[in-house]
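Novice: My structure file run_34.cif, mmCIF, C-alpha atoms, is below:
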data_run
loop_
_atom_site.label_atom_id
_atom_site.label_comp_id
_atom_site.auth_asym_id
_atom_site.auth_seq_id
_atom_site.Cartn_x
_atom_site.Cartn_y
_atom_site.Cartn_z
CA MET A 30 -1.63 -30.43 -16.49
CA LYS A 31 -1.86 -26.88 -15.20
CA LYS A 32 0.66 -25.94 -12.53
CA LYS A 33 -0.94 -25.36 -9.12
CA ILE A 34 -0.07 -22.15 -7.27
CA ALA A 35 -1.19 -21.23 -3.76
CA ILE A 36 -1.09 -17.53 -2.90
CA CYS A 37 -0.73 -17.14 0.88
CA HIS A 38 -2.33 -14.16 2.56
CA ALA A 39 -2.84 -13.04 6.16
CA GLN A 40 -6.29 -11.46 6.31
CA VAL A 41 -7.51 -9.09 9.02
CA PRO A 42 -11.25 -9.90 9.05
CA PHE A 43 -13.48 -7.15 7.63
CA VAL A 44 -10.50 -5.06 6.50
CA LYS A 45 -9.86 -4.53 2.80
CA GLY A 46 -6.85 -2.57 1.61
CA GLY A 47 -3.93 -2.60 -0.76
CA ALA A 48 -2.68 -6.05 0.25
CA GLU A 49 -6.08 -7.58 -0.45
CA LEU A 50 -6.19 -5.88 -3.86
CA LEU A 51 -2.73 -7.19 -4.64
CA VAL A 52 -3.59 -10.79 -3.79
CA THR A 53 -6.83 -10.69 -5.77
CA SER A 54 -5.15 -9.08 -8.78
CA LEU A 55 -2.25 -11.53 -8.66
CA SER A 56 -4.70 -14.44 -8.69
CA THR A 57 -6.53 -12.95 -11.66
CA GLU A 58 -3.33 -12.42 -13.63
CA LEU A 59 -2.06 -15.95 -12.95
CA LEU A 60 -5.41 -17.42 -14.03
CA ARG A 61 -5.20 -15.44 -17.26
CA ARG A 62 -1.89 -17.14 -17.94
CA ASP A 63 -3.41 -20.61 -17.52
CA PHE A 64 -2.18 -21.47 -14.03
CA ASN A 65 -4.40 -23.27 -11.51
CA VAL A 66 -4.55 -20.78 -8.64
CA ASP A 67 -6.09 -20.54 -5.20
CA ILE A 68 -5.76 -18.00 -2.42
CA VAL A 69 -5.03 -19.52 1.00
CA GLN A 70 -6.01 -17.11 3.77
CA LEU A 71 -5.68 -17.30 7.52
CA PRO A 72 -7.12 -14.66 9.87
CA PHE A 73 -4.51 -12.37 11.37
CA LYS A 74 -4.64 -10.66 14.76
CA TRP A 75 -1.61 -8.96 16.27
CA TYR A 76 -2.86 -8.24 19.78
CA PRO A 77 -2.37 -9.26 22.50
CA ASN A 78 1.15 -10.62 22.08
CA GLU A 79 -0.02 -14.20 22.60
CA GLN A 80 -2.33 -13.85 19.61
CA LEU A 81 0.47 -12.40 17.47
CA ILE A 82 2.60 -15.45 18.25
CA GLN A 83 -0.32 -17.76 17.51
CA SER A 84 -0.85 -16.09 14.14
CA MET A 85 2.78 -16.69 13.27
CA MET A 86 2.72 -20.32 14.34
CA ASN A 87 -0.47 -21.02 12.39
CA TRP A 88 1.42 -20.49 9.15
CA LYS A 89 4.33 -22.65 10.26
CA PHE A 90 2.13 -25.67 10.89
CA ILE A 91 -0.03 -25.84 7.77
CA ASP A 92 0.84 -28.30 5.02
CA LEU A 93 0.61 -26.99 1.47
CA SER A 94 2.80 -29.62 -0.15
CA GLU A 95 -0.31 -31.10 -1.77
CA SER A 96 -4.08 -30.85 -1.78
CA ASN A 97 -6.52 -33.73 -2.25
CA GLY A 98 -3.63 -35.91 -3.34
CA GLU A 99 -2.36 -33.48 -5.98
CA LYS A 100 0.96 -31.65 -5.71
CA ILE A 101 0.99 -27.87 -5.16
CA ASP A 102 3.82 -26.71 -7.40
CA LEU A 103 4.44 -23.25 -5.96
CA VAL A 104 3.45 -21.17 -2.96
CA ILE A 105 3.75 -17.39 -2.91
CA GLY A 106 4.04 -15.68 0.47
CA THR A 107 2.93 -12.07 0.69
CA LYS A 108 2.17 -10.14 3.89
CA PHE A 109 3.49 -11.00 7.37
CA PRO A 110 3.22 -13.70 8.62
CA SER A 111 2.04 -15.62 5.52
CA TYR A 112 5.59 -16.10 4.24
CA GLY A 113 6.23 -18.40 7.20
CA VAL A 114 4.53 -21.27 5.40
CA ASN A 115 6.79 -24.25 4.74
CA HIS A 116 7.09 -25.50 1.17
CA ASN A 117 9.97 -26.83 -0.92
CA ASN A 118 9.16 -24.33 -3.69
CA LYS A 119 8.25 -21.12 -1.92
CA VAL A 120 8.82 -17.64 -3.26
CA THR A 121 7.97 -14.49 -1.32
CA TRP A 122 6.56 -11.32 -2.83
CA LEU A 123 6.82 -9.23 0.30
CA VAL A 124 4.08 -6.65 0.84
CA HIS A 125 5.37 -5.68 4.26
CA GLN A 126 6.71 -7.12 7.49
CA PHE A 127 5.30 -6.47 10.96
CA ARG A 128 6.41 -2.85 10.84
CA GLN A 129 5.48 -2.15 14.45
CA ILE A 130 8.69 -3.82 15.63
CA TYR A 131 10.87 -2.44 12.86
CA ASP A 132 10.67 1.09 11.48
CA LEU A 133 7.59 2.04 13.51
CA GLN A 134 8.93 0.89 16.89
CA GLY A 135 8.93 3.70 19.42
CA THR A 136 6.68 5.94 17.30
CA LYS A 137 3.06 6.92 17.83
CA TYR A 138 2.13 4.36 15.16
CA SER A 139 3.28 1.35 17.20
CA GLN A 140 2.32 -0.21 20.52
CA TYR A 141 5.92 -1.37 20.98
CA ASP A 142 8.53 0.76 22.73
CA PHE A 143 11.98 -0.26 23.96
CA SER A 144 10.87 -2.02 27.14
CA PRO A 145 12.13 -5.58 27.81
CA GLU A 146 8.75 -7.03 26.81
CA SER A 147 8.69 -5.11 23.53
CA LEU A 148 12.27 -6.06 22.76
CA SER A 149 11.52 -9.74 23.36
CA ILE A 150 8.67 -9.58 20.82
CA LYS A 151 10.97 -7.78 18.40
CA GLU A 152 13.54 -10.56 18.74
CA LEU A 153 10.90 -13.26 18.21
CA VAL A 154 9.40 -11.65 15.11
CA SER A 155 12.84 -10.84 13.70
CA ARG A 156 13.93 -14.48 14.02
CA TYR A 157 10.68 -15.61 12.43
CA ASP A 158 11.28 -13.29 9.48
CA ASN A 159 14.93 -14.23 9.06
CA ASN A 160 14.17 -17.96 9.05
CA SER A 161 10.98 -17.74 6.95
CA LEU A 162 12.35 -15.45 4.30
CA SER A 163 15.70 -17.19 4.03
CA ASP A 164 14.07 -20.48 3.04
CA SER A 165 12.32 -18.81 0.08
CA LYS A 166 13.69 -19.77 -3.33
CA GLU A 167 13.37 -16.10 -4.32
CA ILE A 168 12.54 -12.96 -2.36
CA PHE A 169 10.77 -10.11 -4.13
CA THR A 170 9.13 -6.98 -2.75
CA ILE A 171 6.47 -4.59 -4.00
CA ALA A 172 8.60 -1.43 -3.63
CA GLN A 173 12.15 -0.21 -3.19
CA ASN A 174 11.18 1.10 0.24
CA THR A 175 10.23 -2.43 1.31
CA THR A 176 13.48 -3.79 -0.11
CA ASP A 177 15.48 -1.14 1.73
CA ARG A 178 13.75 -1.92 5.04
CA LEU A 179 14.36 -5.64 4.65
CA GLU A 180 18.06 -5.10 4.08
CA ARG A 181 18.37 -2.49 6.85
CA PHE A 182 16.68 -4.53 9.58
CA ASN A 183 17.25 -8.14 8.48
CA HIS A 184 20.27 -7.90 6.17
CA ILE A 185 18.33 -9.79 3.50
CA LYS A 186 18.52 -8.78 -0.14
CA SER A 187 15.50 -8.77 -2.44
CA GLU A 188 14.32 -7.71 -5.87
CA VAL A 189 11.63 -5.09 -6.48
CA LEU A 190 8.65 -6.04 -8.64
CA TYR A 191 6.42 -3.04 -9.35
CA HIS A 192 2.89 -3.88 -10.45
CA PRO A 193 0.00 -1.79 -11.80
CA PRO A 194 -3.17 -0.94 -9.85
CA LYS A 195 -6.44 -2.82 -10.21
CA HIS A 196 -8.01 -0.72 -12.95
CA VAL A 197 -5.02 -0.31 -15.23
CA GLY A 198 -6.28 0.56 -18.71
CA LEU A 199 -9.44 2.25 -17.37
CA TYR A 200 -8.04 5.41 -15.75
CA PHE A 201 -8.68 8.62 -17.66
CA ASN A 202 -8.35 12.39 -17.39
CA ASN A 203 -11.37 14.63 -17.85
CA SER A 204 -10.96 18.01 -16.11
CA PHE A 205 -9.23 19.86 -13.29
CA ASP A 206 -12.07 20.73 -10.96
CA ASN A 207 -11.64 22.70 -7.74
CA TYR A 208 -11.17 19.80 -5.33
CA ILE A 209 -8.27 17.89 -3.83
CA LEU A 210 -8.87 14.14 -3.70
CA SER A 211 -7.79 11.79 -0.92
CA VAL A 212 -8.24 8.05 -1.43
CA GLY A 213 -7.55 5.22 0.98
CA ARG A 214 -8.15 3.74 4.38
CA LEU A 215 -8.79 6.29 7.11
CA ASP A 216 -6.14 5.49 9.68
CA LYS A 217 -3.42 7.47 11.42
CA LEU A 218 -0.61 6.34 9.12
CA LYS A 219 -2.35 7.96 6.13
CA ARG A 220 -2.19 11.42 7.81
CA ILE A 221 -5.36 12.80 6.27
CA ASP A 222 -5.58 15.22 9.21
CA ILE A 223 -2.67 17.13 7.68
CA LEU A 224 -4.65 17.67 4.48
CA ILE A 225 -7.67 18.94 6.42
CA GLU A 226 -5.53 21.33 8.47
CA SER A 227 -3.86 22.57 5.29
CA LEU A 228 -7.20 23.22 3.58
CA LYS A 229 -8.10 25.80 6.24
CA GLN A 230 -5.50 28.22 4.85
CA THR A 231 -6.41 27.84 1.17
CA ASP A 232 -8.82 29.70 -1.08
CA SER A 233 -12.38 29.03 0.12
CA SER A 234 -13.37 27.88 -3.38
CA ILE A 235 -11.19 24.79 -3.02
CA LYS A 236 -12.92 21.67 -1.71
CA CYS A 237 -11.66 18.34 -0.44
CA ILE A 238 -13.18 14.94 -1.20
CA ILE A 239 -12.15 12.01 0.99
CA ALA A 240 -12.92 8.53 -0.34
CA GLY A 241 -12.42 5.61 2.01
CA GLN A 242 -13.39 4.23 5.37
CA GLY A 243 -11.56 3.33 8.54
CA PRO A 244 -11.15 3.87 12.28
CA GLU A 245 -10.09 7.52 12.03
CA ARG A 246 -13.25 8.79 10.34
CA GLU A 247 -14.88 10.15 13.50
CA ASN A 248 -11.70 11.95 14.55
CA LEU A 249 -11.34 13.46 11.10
CA GLU A 250 -14.97 14.58 11.06
CA ARG A 251 -14.48 16.26 14.44
CA LEU A 252 -11.41 18.04 13.08
CA VAL A 253 -13.39 19.28 10.08
CA SER A 254 -16.08 20.69 12.39
CA LYS A 255 -13.51 22.25 14.71
CA LEU A 256 -11.89 24.08 11.78
CA GLY A 257 -15.24 25.18 10.33
CA LEU A 258 -14.75 23.26 7.09
CA ASN A 259 -18.01 21.31 6.94
CA ASP A 260 -19.00 23.02 3.68
CA ARG A 261 -15.63 22.29 2.06
CA VAL A 262 -14.81 18.70 3.08
CA LYS A 263 -16.89 15.73 2.00
CA PHE A 264 -16.49 12.18 3.31
CA LEU A 265 -17.73 9.61 0.80
CA GLY A 266 -16.88 6.40 2.62
CA PHE A 267 -16.54 3.39 0.33
CA VAL A 268 -16.97 4.25 -3.35
CA GLU A 269 -17.66 1.93 -6.27
CA ASP A 270 -15.01 1.50 -8.94
CA LYS A 271 -16.75 3.60 -11.59
CA GLN A 272 -17.17 6.53 -9.21
CA LEU A 273 -13.55 6.27 -8.09
CA LEU A 274 -12.29 6.50 -11.67
CA LYS A 275 -14.44 9.61 -12.19
CA LEU A 276 -13.16 11.21 -8.98
CA TYR A 277 -9.59 10.78 -10.16
CA ALA A 278 -10.46 12.04 -13.64
CA ASP A 279 -11.95 15.34 -12.41
CA CYS A 280 -9.84 16.35 -9.39
CA LEU A 281 -7.33 19.19 -9.34
CA ALA A 282 -4.71 17.05 -7.61
CA VAL A 283 -4.39 14.02 -5.33
CA TYR A 284 -3.15 14.26 -1.75
CA PHE A 285 -1.30 11.12 -0.71
CA ALA A 286 1.11 11.55 2.19
CA PRO A 287 1.14 8.41 4.36
CA TYR A 288 3.99 7.89 6.77
CA ASP A 289 6.72 5.75 5.18
CA GLU A 290 4.35 3.93 2.81
CA ASP A 291 5.35 0.56 1.35
CA TYR A 292 4.13 1.16 -2.22
CA GLY A 293 0.78 2.92 -2.43
CA TYR A 294 -1.66 2.25 -5.26
CA VAL A 295 -2.92 5.82 -4.99
CA THR A 296 0.33 7.11 -6.48
CA LEU A 297 -0.08 5.03 -9.62
CA GLU A 298 -3.83 5.62 -9.84
CA ALA A 299 -3.31 9.38 -9.74
CA PHE A 300 -0.55 9.32 -12.34
CA LEU A 301 -2.46 6.98 -14.66
CA SER A 302 -5.26 9.57 -14.42
CA ALA A 303 -2.66 12.23 -15.33
CA LYS A 304 -3.06 14.08 -12.02
CA PRO A 305 -0.30 15.61 -9.86
CA ILE A 306 0.33 14.35 -6.34
CA ILE A 307 0.91 16.35 -3.17
CA THR A 308 2.96 14.37 -0.65
CA LEU A 309 5.42 14.74 2.23
CA ASN A 310 9.15 14.10 2.33
CA ASP A 311 8.83 11.08 4.66
CA SER A 312 6.15 9.23 2.70
CA GLY A 313 8.36 6.31 1.75
CA GLY A 314 7.41 4.40 -1.40
CA VAL A 315 5.41 7.33 -2.77
CA LEU A 316 8.72 9.12 -3.32
CA GLU A 317 9.88 6.41 -5.69
CA PHE A 318 7.54 8.01 -8.23
CA VAL A 319 6.72 11.56 -7.12
CA LYS A 320 9.41 14.07 -8.06
CA ASP A 321 9.17 17.57 -6.62
CA GLU A 322 8.20 20.28 -9.13
CA ILE A 323 8.13 17.69 -11.93
CA ASN A 324 4.99 15.58 -11.41
CA GLY A 325 3.89 16.86 -8.02
CA PHE A 326 5.09 18.44 -4.81
CA VAL A 327 7.17 16.86 -2.04
CA LEU A 328 6.62 19.04 1.02
CA THR A 329 7.35 19.22 4.75
CA ASN A 330 4.45 20.96 6.55
CA THR A 331 0.87 22.23 6.37
CA ASN A 332 1.88 25.75 5.35
CA GLU A 333 3.69 24.42 2.29
CA ILE A 334 0.76 22.19 1.40
CA SER A 335 -1.67 25.11 1.65
CA SER A 336 0.56 27.22 -0.56
CA LYS A 337 0.94 24.56 -3.26
CA ILE A 338 -2.79 23.76 -3.31
CA ASP A 339 -3.49 27.46 -3.92
CA TYR A 340 -0.77 27.52 -6.56
CA LEU A 341 -2.31 24.64 -8.50
CA TYR A 342 -5.75 26.22 -8.16
CA ARG A 343 -4.44 29.43 -9.77
CA ASN A 344 -2.26 27.59 -12.30
CA LYS A 345 -4.23 24.66 -13.66
CA GLN A 346 -1.97 24.42 -16.69
CA VAL A 347 0.85 23.47 -14.32
CA ALA A 348 -1.39 20.81 -12.77
CA LYS A 349 -2.02 19.45 -16.25
CA GLU A 350 1.69 19.43 -17.14
CA PHE A 351 2.63 17.71 -13.86
CA GLY A 352 -0.07 15.12 -14.49
CA VAL A 353 1.29 14.30 -17.93
CA MET A 354 4.77 13.85 -16.47
CA GLY A 355 3.34 11.55 -13.82
CA TYR A 356 1.60 9.44 -16.44
CA GLU A 357 4.80 9.11 -18.46
CA SER A 358 6.67 7.87 -15.38
CA VAL A 359 4.36 4.90 -14.67
CA LYS A 360 2.75 3.92 -17.97
CA HIS A 361 5.35 1.17 -18.53
CA ILE A 362 4.43 -0.80 -15.39
CA THR A 363 2.67 -4.06 -16.32
CA TRP A 364 1.99 -7.50 -14.85
CA ASP A 365 4.02 -9.44 -17.41
CA HIS A 366 7.42 -9.07 -15.76
CA VAL A 367 5.94 -9.70 -12.30
CA ILE A 368 4.35 -13.00 -13.33
CA ASP A 369 7.47 -14.12 -15.22
CA ARG A 370 9.67 -13.63 -12.16
CA LEU A 371 7.26 -15.10 -9.62
CA THR A 372 6.73 -18.28 -11.64
CA GLU A 373 10.29 -18.77 -12.84
CA THR A 374 10.83 -21.85 -10.63
CA ILE A 375 7.98 -23.77 -12.31
CA ARG A 376 8.65 -22.83 -15.92
#
Rewrite the structure of this file - the entire thing - as structure tokens.
Specialist:
Amino acid sequence: MKKKIAICHAQVPFVKGGAELLVTSLSTELLRRDFNVDIVQLPFKWYPNEQLIQSMMNWKFIDLSESNGEKIDLVIGTKFPSYGVNHNNKVTWLVHQFRQIYDLQGTKYSQYDFSPESLSIKELVSRYDNNSLSDSKEIFTIAQNTTDRLERFNHIKSEVLYHPPKHVGLYFNNSFDNYILSVGRLDKLKRIDILIESLKQTDSSIKCIIAGQGPERENLERLVSKLGLNDRVKFLGFVEDKQLLKLYADCLAVYFAPYDEDYGYVTLEAFLSAKPIITLNDSGGVLEFVKDEINGFVLTNTNEISSKIDYLYRNKQVAKEFGVMGYESVKHITWDHVIDRLTETIR
């Protein structure tokens, strides 16, 4: 009989991002290997604080020991707070914790400061994480940055399992056209405003294409208008897979500079398309792959970004060489090792 695996996922309704891609891809890969798989999702809302607590408790009180009288052999926790589920054979593949009370606390990216109320929530979430993760048979993460955070804040060790992006095997390189590509959700953490500000100082022949949707779109569009860049910046919104592959294949370079990213599919997608990446020196997991002056640029401010965009525009052979180096650095990443480790307790 096929082993039953439940993948646990906390879903923000109407929001689709990297975590959702990971869960879907994991399910697909497990099915290919003849496991019986289902994705168990609960809606997640983190505000107000009472709702955050409720979301955590929801996972604690569901029973996934069996379904319809048949044993569930393995549960895999992913994003906070899904790893709080109780099961005697639980492994966690940690996407990320509730970062607002960890590395983002006290920054513009978090609603939590160091007030007594915020600190009480921090204590509650921290205890939840310590207890929930510690009762996992194995703890894995999606990136070294996630592993480092977990050890720094919770003193819990984990193993990194890198995995390929959704369209592995389909990415290709076609040309080095005169546009910088940005892909991903439009929110403050992705810092797309920095790209737009940088474009102002570059050669006017260079364009910017932004693929993705999110709450920051209106603010970014206003910034484009303010800087007089309406003829150079194009917002595509959601793009279909085929178009996305073509955008990667034809761009000059990819801008991907989120703040302290967990992993970031965009990094791998760009490199598998043999394109260089422009990022910042505090972009977290992106820096596990991007090496300055080897397969991209790791920079510190808008002036440097402007300068390097112009440099690649004038030296497309360098862009090509960086792209090849990027491809070589990630081409070995496959699902096989990930699946072997995640399912080790039922094999």
Novice: Written as a list in words, what is the full residue list that the PyMOL selection byres ((chain A and resi 332) around 12) yields on the file shown?
Specialist: Ile223, Leu224, Ile225, Glu226, Ser227, Leu228, Lys229, Gln230, Thr231, Leu309, Leu328, Thr329, Asn330, Thr331, Glu333, Ile334, Ser335, Ser336, Lys337, Ile338 and Asp339 of chain A
Novice: Between A:Glu298, A:Asp369, A:Glu245, A:Glu188, single out the one closest to Ala172 of chain A, counting only C-alpha atoms.
Specialist: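 Closest candidate: A:Glu188.
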Novice: Evaluate the PyMOL selection byres ((chain A and resi 211) around 12) and record the selected residues as a PyMOL selection string, following the chain and residue labels used in the document.
Specialist: chain A and resi 208-210+212-215+219-225+236-242+262-266+273+276-277+280-287+295-296+298-299+306-308
Novice: With C-alpha atoms kept, could you save the residues just selected as a PDB file, in the coordinates of the input?
Specialist:
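That gives us again_0.pdb:
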ATOM      1  CA  TYR A 208     -11.170  19.800  -5.330  1.00  0.00           C
ATOM      2  CA  ILE A 209      -8.270  17.890  -3.830  1.00  0.00           C
ATOM      3  CA  LEU A 210      -8.870  14.140  -3.700  1.00  0.00           C
ATOM      4  CA  VAL A 212      -8.240   8.050  -1.430  1.00  0.00           C
ATOM      5  CA  GLY A 213      -7.550   5.220   0.980  1.00  0.00           C
ATOM      6  CA  ARG A 214      -8.150   3.740   4.380  1.00  0.00           C
ATOM      7  CA  LEU A 215      -8.790   6.290   7.110  1.00  0.00           C
ATOM      8  CA  LYS A 219      -2.350   7.960   6.130  1.00  0.00           C
ATOM      9  CA  ARG A 220      -2.190  11.420   7.810  1.00  0.00           C
ATOM     10  CA  ILE A 221      -5.360  12.800   6.270  1.00  0.00           C
ATOM     11  CA  ASP A 222      -5.580  15.220   9.210  1.00  0.00           C
ATOM     12  CA  ILE A 223      -2.670  17.130   7.680  1.00  0.00           C
ATOM     13  CA  LEU A 224      -4.650  17.670   4.480  1.00  0.00           C
ATOM     14  CA  ILE A 225      -7.670  18.940   6.420  1.00  0.00           C
ATOM     15  CA  LYS A 236     -12.920  21.670  -1.710  1.00  0.00           C
ATOM     16  CA  CYS A 237     -11.660  18.340  -0.440  1.00  0.00           C
ATOM     17  CA  ILE A 238     -13.180  14.940  -1.200  1.00  0.00           C
ATOM     18  CA  ILE A 239     -12.150  12.010   0.990  1.00  0.00           C
ATOM     19  CA  ALA A 240     -12.920   8.530  -0.340  1.00  0.00           C
ATOM     20  CA  GLY A 241     -12.420   5.610   2.010  1.00  0.00           C
ATOM     21  CA  GLN A 242     -13.390   4.230   5.370  1.00  0.00           C
ATOM     22  CA  VAL A 262     -14.810  18.700   3.080  1.00  0.00           C
ATOM     23  CA  LYS A 263     -16.890  15.730   2.000  1.00  0.00           C
ATOM     24  CA  PHE A 264     -16.490  12.180   3.310  1.00  0.00           C
ATOM     25  CA  LEU A 265     -17.730   9.610   0.800  1.00  0.00           C
ATOM     26  CA  GLY A 266     -16.880   6.400   2.620  1.00  0.00           C
ATOM     27  CA  LEU A 273     -13.550   6.270  -8.090  1.00  0.00           C
ATOM     28  CA  LEU A 276     -13.160  11.210  -8.980  1.00  0.00           C
ATOM     29  CA  TYR A 277      -9.590  10.780 -10.160  1.00  0.00           C
ATOM     30  CA  CYS A 280      -9.840  16.350  -9.390  1.00  0.00           C
ATOM     31  CA  LEU A 281      -7.330  19.190  -9.340  1.00  0.00           C
ATOM     32  CA  ALA A 282      -4.710  17.050  -7.610  1.00  0.00           C
ATOM     33  CA  VAL A 283      -4.390  14.020  -5.330  1.00  0.00           C
ATOM     34  CA  TYR A 284      -3.150  14.260  -1.750  1.00  0.00           C
ATOM     35  CA  PHE A 285      -1.300  11.120  -0.710  1.00  0.00           C
ATOM     36  CA  ALA A 286       1.110  11.550   2.190  1.00  0.00           C
ATOM     37  CA  PRO A 287       1.140   8.410   4.360  1.00  0.00           C
ATOM     38  CA  VAL A 295      -2.920   5.820  -4.990  1.00  0.00           C
ATOM     39  CA  THR A 296       0.330   7.110  -6.480  1.00  0.00           C
ATOM     40  CA  GLU A 298      -3.830   5.620  -9.840  1.00  0.00           C
ATOM     41  CA  ALA A 299      -3.310   9.380  -9.740  1.00  0.00           C
ATOM     42  CA  ILE A 306       0.330  14.350  -6.340  1.00  0.00           C
ATOM     43  CA  ILE A 307       0.910  16.350  -3.170  1.00  0.00           C
ATOM     44  CA  THR A 308       2.960  14.370  -0.650  1.00  0.00           C
TER      45      THR A 308
END
Novice: Quick one: of A:Gly135, A:Pro72, A:Pro194, A:Pro145, who's nearest to Lys360 of chain A, counting all atoms listed in the file?
Specialist: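 Answer, going by the shortest atom-to-atom distance: A:Pro194.
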Novice: Point out the residue among A:Thr175, A:Ile68, A:Val120, A:Arg251 with the least atom-to-atom distance to Val315 of chain A, counting all atoms listed in the file.
Specialist: A:Thr175
Novice: Here's the selection I'm unsure about, the PyMOL selection byres ((chain A and resi 128) around 12); applied to the file above, which residues does it give, as a ChimeraX atom specification?
Specialist: /A:75,108-110,124-127,129-136,138-141,151,154-155,158,175,178-179,182,218,288-291
Novice: Quick one, how far is atom CA of Lys255 of chain A from atom CA of Leu341 of chain A?
Specialist: 25.9 Å
Novice: May I have the protein, DNA and RNA residues with any atom at most 10 Å from the point (-0.6, -23.9, 4.9), counting only C-alpha atoms, written as a ChimeraX atom specification?
Specialist: /A:35,37,69-71,87-95,104,111-116
Novice: Okay, now the selection with C-alpha atoms, as a PDB file, in the coordinates of the input?
Specialist:
ATOM      1  CA  ALA A  35      -1.190 -21.230  -3.760  1.00  0.00           C
ATOM      2  CA  CYS A  37      -0.730 -17.140   0.880  1.00  0.00           C
ATOM      3  CA  VAL A  69      -5.030 -19.520   1.000  1.00  0.00           C
ATOM      4  CA  GLN A  70      -6.010 -17.110   3.770  1.00  0.00           C
ATOM      5  CA  LEU A  71      -5.680 -17.300   7.520  1.00  0.00           C
ATOM      6  CA  ASN A  87      -0.470 -21.020  12.390  1.00  0.00           C
ATOM      7  CA  TRP A  88       1.420 -20.490   9.150  1.00  0.00           C
ATOM      8  CA  LYS A  89       4.330 -22.650  10.260  1.00  0.00           C
ATOM      9  CA  PHE A  90       2.130 -25.670  10.890  1.00  0.00           C
ATOM     10  CA  ILE A  91      -0.030 -25.840   7.770  1.00  0.00           C
ATOM     11  CA  ASP A  92       0.840 -28.300   5.020  1.00  0.00           C
ATOM     12  CA  LEU A  93       0.610 -26.990   1.470  1.00  0.00           C
ATOM     13  CA  SER A  94       2.800 -29.620  -0.150  1.00  0.00           C
ATOM     14  CA  GLU A  95      -0.310 -31.100  -1.770  1.00  0.00           C
ATOM     15  CA  VAL A 104       3.450 -21.170  -2.960  1.00  0.00           C
ATOM     16  CA  SER A 111       2.040 -15.620   5.520  1.00  0.00           C
ATOM     17  CA  TYR A 112       5.590 -16.100   4.240  1.00  0.00           C
ATOM     18  CA  GLY A 113       6.230 -18.400   7.200  1.00  0.00           C
ATOM     19  CA  VAL A 114       4.530 -21.270   5.400  1.00  0.00           C
ATOM     20  CA  ASN A 115       6.790 -24.250   4.740  1.00  0.00           C
ATOM     21  CA  HIS A 116       7.090 -25.500   1.170  1.00  0.00           C
TER      22      HIS A 116
END
Novice: Taking all atoms listed in the file into account, which of A:Lys33, A:Lys45, A:Lys304, A:His361 comes nearest Val319 of chain A?
Specialist: A:Lys304
Novice: Starting from the sparse input, extend segment 112-125 of chain A to N, CA and C atoms and give the output as an mmCIF file, in the frame of the given file.
Specialist:
data_model
loop_
_atom_site.group_PDB
_atom_site.id
_atom_site.type_symbol
_atom_site.label_atom_id
_atom_site.label_comp_id
_atom_site.auth_asym_id
_atom_site.auth_seq_id
_atom_site.Cartn_x
_atom_site.Cartn_y
_atom_site.Cartn_z
ATOM 1 N N TYR A 112 4.387 -15.519 4.854
ATOM 2 C CA TYR A 112 5.590 -16.100 4.240
ATOM 3 C C TYR A 112 6.284 -17.100 5.164
ATOM 4 N N GLY A 113 5.687 -17.371 6.322
ATOM 5 C CA GLY A 113 6.230 -18.400 7.200
ATOM 6 C C GLY A 113 5.845 -19.812 6.807
ATOM 7 N N VAL A 114 4.956 -19.945 5.833
ATOM 8 C CA VAL A 114 4.530 -21.270 5.400
ATOM 9 C C VAL A 114 5.718 -22.080 4.890
ATOM 10 N N ASN A 115 5.704 -23.376 5.195
ATOM 11 C CA ASN A 115 6.790 -24.250 4.740
ATOM 12 C C ASN A 115 6.410 -24.924 3.429
ATOM 13 N N HIS A 116 7.306 -24.854 2.458
ATOM 14 C CA HIS A 116 7.090 -25.500 1.170
ATOM 15 C C HIS A 116 8.437 -25.586 0.466
ATOM 16 N N ASN A 117 8.660 -26.671 -0.277
ATOM 17 C CA ASN A 117 9.970 -26.830 -0.920
ATOM 18 C C ASN A 117 10.127 -25.954 -2.165
ATOM 19 N N ASN A 118 9.055 -25.287 -2.582
ATOM 20 C CA ASN A 118 9.160 -24.330 -3.690
ATOM 21 C C ASN A 118 8.348 -23.083 -3.326
ATOM 22 N N LYS A 119 8.899 -22.348 -2.389
ATOM 23 C CA LYS A 119 8.250 -21.120 -1.920
ATOM 24 C C LYS A 119 9.001 -19.904 -2.434
ATOM 25 N N VAL A 120 8.258 -18.952 -2.975
ATOM 26 C CA VAL A 120 8.820 -17.640 -3.260
ATOM 27 C C VAL A 120 8.015 -16.631 -2.443
ATOM 28 N N THR A 121 8.651 -15.544 -2.080
ATOM 29 C CA THR A 121 7.970 -14.490 -1.320
ATOM 30 C C THR A 121 7.922 -13.226 -2.150
ATOM 31 N N TRP A 122 6.731 -12.670 -2.256
ATOM 32 C CA TRP A 122 6.560 -11.320 -2.830
ATOM 33 C C TRP A 122 6.104 -10.459 -1.657
ATOM 34 N N LEU A 123 7.058 -9.866 -0.992
ATOM 35 C CA LEU A 123 6.820 -9.230 0.300
ATOM 36 C C LEU A 123 6.050 -7.916 0.158
ATOM 37 N N VAL A 124 4.874 -7.880 0.760
ATOM 38 C CA VAL A 124 4.080 -6.650 0.840
ATOM 39 C C VAL A 124 4.641 -5.783 1.956
ATOM 40 N N HIS A 125 4.673 -6.339 3.152
ATOM 41 C CA HIS A 125 5.370 -5.680 4.260
ATOM 42 C C HIS A 125 5.529 -6.662 5.424
#
